[in-house]
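*Asks:* There's a structure below that I have some questions on.
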Amino acid sequence: MRKLGIAALALLCLGMASCVTGEEAAIQRAYRKMAPCLVFVKPIQEDLSWGEKEAFQVFGSGSIISEDGYIVTNNHVAEKAKEITCVLYNKEEVKAEVVGLDPEADIAVLKLDKDDLARVMKETGIAKLPVASWGDSNTLKDGQSVIALGAPFGFTRSLTKGVVSSMERYFSDFPHHLWIQTDASFNPGNSGGPLVNMKGEIVGINTLGIFGSGMGFAIPTNVASEIVNRIIADKKVIRAYFGLTFQAIHDFTRSSHLNAKEGVLIGNVDRGSPAEEAGMRAGDILLSCDGVPVNALYETDLPVAYRFFAYKPVGVAVNLVVKRKEETLTFNLAPIEKGKFEGEEFECRDWNMVVKEITKDSTPYLHFLRPKGVYIMGVRYNGNASSSGLSRGDILIDRKSTRLNSSHVSQ
């Protein structure tokens with residue numbers, strides 16, 4: 001009996017070792033497949049918030065998604081980049097340029113410089129670039145193992161392991177998609193890197209991390225790949241603008257529950273928008289668009305509704321059916337192209353200040369006060385603007401009184 005017990009224990013230990021070895025082997029296979037496609041992104045960004053240009057180095061990550069050198073990363077990695085260098089798997093540096101940015105989804109597409117890439121490939125004998133595979137994020141399940149690749153704190157080629165904590169995280173600041181929550185560690189520098197399944201496929205773009213919480217959030221690839229394709233085709237993401245903000249029928253965060261089994265609540269109608277001009281109001285329940293039912297009973301349903309309207313053809317009228325109290329009303333309106341999410345910044349050197357375009361998304365309060373124009377983003381201490389009494393946040397309404405040259409500002 002004793003010998004049998006020892007034998008059984010030995011088999012149990014062998015089984016445990018075999019299980020661990022199998023998991024490690026799967027991680028290593030996934031890493032070997034994805035690692036050559038991983039790039040360390042090193043942008044030099046310009047900061048104008050203190051009233052003058054200041055350049056500084058930031059770190060991020062990205063993945064090569066085509067043989068001609070397209071790279072997917074985050075918008076917050078590539079925005080305001082004066083120049084970008086990417087470090088490949090063989091430690092060679094290649095210059096890159098920004099193809100397009102989508103701050104609403106925090107996605108950016110870069111492209112390796114053709115001549116610089118050709119030089120590196122010739123010198124190192126690379127026949128072709130390794131290309132990452134897009135995985136189907138819709139097949140991910142809670143509890144599934146994933147690995148996050150990137151360059152946390154500038155440490156290149158780092159890997160962390162975790163599981164999918166949730167496939168249904170919603171953030172109102174990014175309403176067009178749900179997020180993948182994982183306990184794989186994200187730190188500054190991981191941004192833009194791939195979240196990878198055990199097949200070695202990209203299933204998410206690592207984007208947000210709450211420092212010290214053990215929670216990281218990635219953009220699902222089924223959303224990211226669509227945005228990447230739109231950026232490559234048009235250099236930007238064109239979205240239709242109706243002026244509608246949606247709210248779930250059953251909103252647990254606001255403890256708001258309507259007596260309705262279909263539709264989506266219109267939480268706000270922007271002033272001067274196509275929806276307001278058509279007569280729509282906050283509190284209406286939107287039921288359908290051109291005969292297609294629109295439903296968002298819960299918060300996690302909202303991204304589908306937002307994307308449905310965002311990708312409607314600009315300038316083409318649609319028929320919206322809404323319920324207002326006991327009435328059913330029909331509205332016919334055409335969306336316009338959504339404007340810039342983030343306004344342009346301009347340095348006014350003679351005045352030692354920086355001004356920025358007002359947009360309804362990045363500066364909603366200022367946009368309410370003055371829909372068009374610029375505001376003072378930064379003022380250098382003891383500069384001309386500061387000495388003249390101008391302050392950060394002031395809206396410039398008269399170029400003559402401030403003696404600003406028209407080349408400095410954009411109306």
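Lettering and numbering for the structure tokens are positional, with chains as A, B, ... in the shown order, residues counted from 1 in each chain, and ligands counted from 1 in the shown order.
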Based on the backbone DSSP call, show me all residues of stretch 124-320 of chain A assigned helix (DSSP H, G or I), as a VMD selection string.
*Replies:* chain A and resid 124 137 to 139 152 to 154 221 to 234 274 to 278 299 to 310
*Asks:* Please identify which residues in stretch 143-265 of chain A DSSP calls strand (DSSP E or B) from the backbone, and express them as a PyMOL selection string.
*Replies:* chain A and resi 145-150+158-169+179-182+194-196+202-210+215-220+240-241+244-247+250-251+256-257+264-265
*Asks:* So, with only C-alpha atoms as the atoms that count, which of A:Val99, A:Leu129, A:Val322, A:Leu208 lies closest to A:Asp68?
*Replies:* A:Leu129
*Asks:* Just the residues within 8 Å of A:Phe40, please, counting only C-alpha atoms, with nothing from its chain fewer than 4 positions along; format it as JSON, numbers by chain.
*Replies:* {"A": [59, 60, 61, 62, 86, 87, 88, 150, 151, 156, 157]}
*Asks:* Filtering to N, CA and C atoms, could you give me those residues as an mmCIF file, in the first residue's frame?
*Replies:*
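The resulting file, result-v4.cif, is reproduced below:
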data_model
loop_
_atom_site.group_PDB
_atom_site.id
_atom_site.type_symbol
_atom_site.label_atom_id
_atom_site.label_comp_id
_atom_site.auth_asym_id
_atom_site.auth_seq_id
_atom_site.Cartn_x
_atom_site.Cartn_y
_atom_site.Cartn_z
ATOM 1 N N PHE A 59 7.837 56.754 -24.754
ATOM 2 C CA PHE A 59 8.009 55.374 -25.181
ATOM 3 C C PHE A 59 6.645 54.729 -25.387
ATOM 4 N N GLY A 60 6.575 53.860 -26.349
ATOM 5 C CA GLY A 60 5.362 53.097 -26.597
ATOM 6 C C GLY A 60 5.698 51.819 -27.335
ATOM 7 N N SER A 61 4.667 51.129 -27.746
ATOM 8 C CA SER A 61 4.846 49.856 -28.434
ATOM 9 C C SER A 61 3.914 49.803 -29.638
ATOM 10 N N GLY A 62 4.155 48.844 -30.501
ATOM 11 C CA GLY A 62 3.315 48.673 -31.672
ATOM 12 C C GLY A 62 3.548 47.322 -32.311
ATOM 13 N N CYS A 86 11.418 53.569 -34.704
ATOM 14 C CA CYS A 86 10.943 52.257 -34.258
ATOM 15 C C CYS A 86 12.118 51.292 -34.192
ATOM 16 N N VAL A 87 12.190 50.550 -33.102
ATOM 17 C CA VAL A 87 13.229 49.541 -32.936
ATOM 18 C C VAL A 87 12.633 48.183 -33.273
ATOM 19 N N LEU A 88 13.210 47.511 -34.280
ATOM 20 C CA LEU A 88 12.714 46.215 -34.719
ATOM 21 C C LEU A 88 13.232 45.093 -33.825
ATOM 22 N N GLY A 150 5.212 44.381 -24.920
ATOM 23 C CA GLY A 150 5.481 45.802 -25.055
ATOM 24 C C GLY A 150 6.788 46.202 -24.423
ATOM 25 N N ALA A 151 6.878 47.493 -24.124
ATOM 26 C CA ALA A 151 8.104 48.059 -23.577
ATOM 27 C C ALA A 151 7.780 48.901 -22.347
ATOM 28 N N THR A 156 12.488 47.136 -23.380
ATOM 29 C CA THR A 156 12.000 46.524 -24.606
ATOM 30 C C THR A 156 11.784 45.024 -24.451
ATOM 31 N N ARG A 157 10.867 44.500 -25.272
ATOM 32 C CA ARG A 157 10.621 43.062 -25.358
ATOM 33 C C ARG A 157 10.197 42.463 -24.024
#
*Asks:* Using only C-alpha atoms, which of the listed residues (A:Leu140, A:Val109, A:Val120, A:Ile266) sits closest to A:Asn197?
*Replies:* A:Leu140
*Asks:* Would you pick out the contacts of A:Ser213 at 12 Å or less, using only C-alpha atoms, so that residues sharing its chain but fewer than 3 positions from it are not included, and give the list as a VMD selection string?
*Replies:* chain A and resid 181 to 187 208 to 210 216 to 217
*Asks:* At a cut-off of 7 Å, using only C-alpha atoms, what residues contact stretch 261-265 of chain A? Leave out same-chain residues fewer than 2 positions from it and give the result as JSON, numbers by chain.
*Replies:* {"A": [246, 247, 248, 249, 267, 283, 284, 285, 286, 287, 294, 295, 296, 297]}
*Asks:* Taking N, CA, C and O atoms for each residue, export the selection above as a PDB file, in the first residue's frame.
*Replies:*
ATOM      1  N   PHE A 246     -26.273  59.113 -26.325  1.00  0.00           N
ATOM      2  CA  PHE A 246     -27.178  58.039 -25.926  1.00  0.00           C
ATOM      3  C   PHE A 246     -26.991  57.642 -24.469  1.00  0.00           C
ATOM      4  O   PHE A 246     -25.918  57.797 -23.891  1.00  0.00           O
ATOM      5  N   GLN A 247     -28.062  57.104 -23.904  1.00  0.00           N
ATOM      6  CA  GLN A 247     -28.038  56.572 -22.546  1.00  0.00           C
ATOM      7  C   GLN A 247     -28.854  55.286 -22.534  1.00  0.00           C
ATOM      8  O   GLN A 247     -29.859  55.173 -23.248  1.00  0.00           O
ATOM      9  N   ALA A 248     -28.405  54.315 -21.760  1.00  0.00           N
ATOM     10  CA  ALA A 248     -29.105  53.031 -21.709  1.00  0.00           C
ATOM     11  C   ALA A 248     -30.489  53.183 -21.085  1.00  0.00           C
ATOM     12  O   ALA A 248     -30.716  54.048 -20.232  1.00  0.00           O
ATOM     13  N   ILE A 249     -31.404  52.349 -21.529  1.00  0.00           N
ATOM     14  CA  ILE A 249     -32.756  52.343 -20.950  1.00  0.00           C
ATOM     15  C   ILE A 249     -32.693  52.020 -19.458  1.00  0.00           C
ATOM     16  O   ILE A 249     -33.361  52.640 -18.637  1.00  0.00           O
ATOM     17  N   GLY A 267     -29.901  60.995 -24.244  1.00  0.00           N
ATOM     18  CA  GLY A 267     -29.529  61.700 -23.018  1.00  0.00           C
ATOM     19  C   GLY A 267     -29.264  63.168 -23.228  1.00  0.00           C
ATOM     20  O   GLY A 267     -29.461  63.983 -22.323  1.00  0.00           O
ATOM     21  N   GLY A 283     -34.440  63.045 -23.673  1.00  0.00           N
ATOM     22  CA  GLY A 283     -35.573  62.351 -23.069  1.00  0.00           C
ATOM     23  C   GLY A 283     -36.371  61.544 -24.065  1.00  0.00           C
ATOM     24  O   GLY A 283     -37.145  60.654 -23.665  1.00  0.00           O
ATOM     25  N   ASP A 284     -36.210  61.833 -25.364  1.00  0.00           N
ATOM     26  CA  ASP A 284     -36.847  60.997 -26.386  1.00  0.00           C
ATOM     27  C   ASP A 284     -36.233  59.603 -26.349  1.00  0.00           C
ATOM     28  O   ASP A 284     -35.046  59.427 -26.024  1.00  0.00           O
ATOM     29  N   ILE A 285     -37.022  58.613 -26.706  1.00  0.00           N
ATOM     30  CA  ILE A 285     -36.500  57.256 -26.862  1.00  0.00           C
ATOM     31  C   ILE A 285     -36.443  56.942 -28.348  1.00  0.00           C
ATOM     32  O   ILE A 285     -37.473  56.910 -29.030  1.00  0.00           O
ATOM     33  N   LEU A 286     -35.248  56.764 -28.861  1.00  0.00           N
ATOM     34  CA  LEU A 286     -35.041  56.466 -30.274  1.00  0.00           C
ATOM     35  C   LEU A 286     -35.310  54.982 -30.506  1.00  0.00           C
ATOM     36  O   LEU A 286     -34.707  54.120 -29.866  1.00  0.00           O
ATOM     37  N   LEU A 287     -36.223  54.706 -31.445  1.00  0.00           N
ATOM     38  CA  LEU A 287     -36.646  53.331 -31.691  1.00  0.00           C
ATOM     39  C   LEU A 287     -36.012  52.703 -32.918  1.00  0.00           C
ATOM     40  O   LEU A 287     -35.665  51.518 -32.913  1.00  0.00           O
ATOM     41  N   VAL A 294     -33.158  50.125 -33.185  1.00  0.00           N
ATOM     42  CA  VAL A 294     -31.977  50.557 -32.437  1.00  0.00           C
ATOM     43  C   VAL A 294     -32.269  50.314 -30.958  1.00  0.00           C
ATOM     44  O   VAL A 294     -33.192  50.904 -30.400  1.00  0.00           O
ATOM     45  N   ASN A 295     -31.483  49.431 -30.346  1.00  0.00           N
ATOM     46  CA  ASN A 295     -31.736  49.074 -28.955  1.00  0.00           C
ATOM     47  C   ASN A 295     -30.463  49.176 -28.121  1.00  0.00           C
ATOM     48  O   ASN A 295     -29.398  48.746 -28.559  1.00  0.00           O
ATOM     49  N   ALA A 296     -30.585  49.761 -26.957  1.00  0.00           N
ATOM     50  CA  ALA A 296     -29.510  49.773 -25.966  1.00  0.00           C
ATOM     51  C   ALA A 296     -30.167  49.726 -24.594  1.00  0.00           C
ATOM     52  O   ALA A 296     -30.303  50.750 -23.918  1.00  0.00           O
ATOM     53  N   LEU A 297     -30.587  48.539 -24.224  1.00  0.00           N
ATOM     54  CA  LEU A 297     -31.247  48.395 -22.931  1.00  0.00           C
ATOM     55  C   LEU A 297     -30.266  48.578 -21.787  1.00  0.00           C
ATOM     56  O   LEU A 297     -30.611  49.112 -20.728  1.00  0.00           O
TER      57      LEU A 297
END
*Asks:* Separation of atom CA of A:Arg254 and atom CA of A:Ala278, in Å?
*Replies:*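 Rounded to one decimal, the two atoms are 27.9 Å apart.
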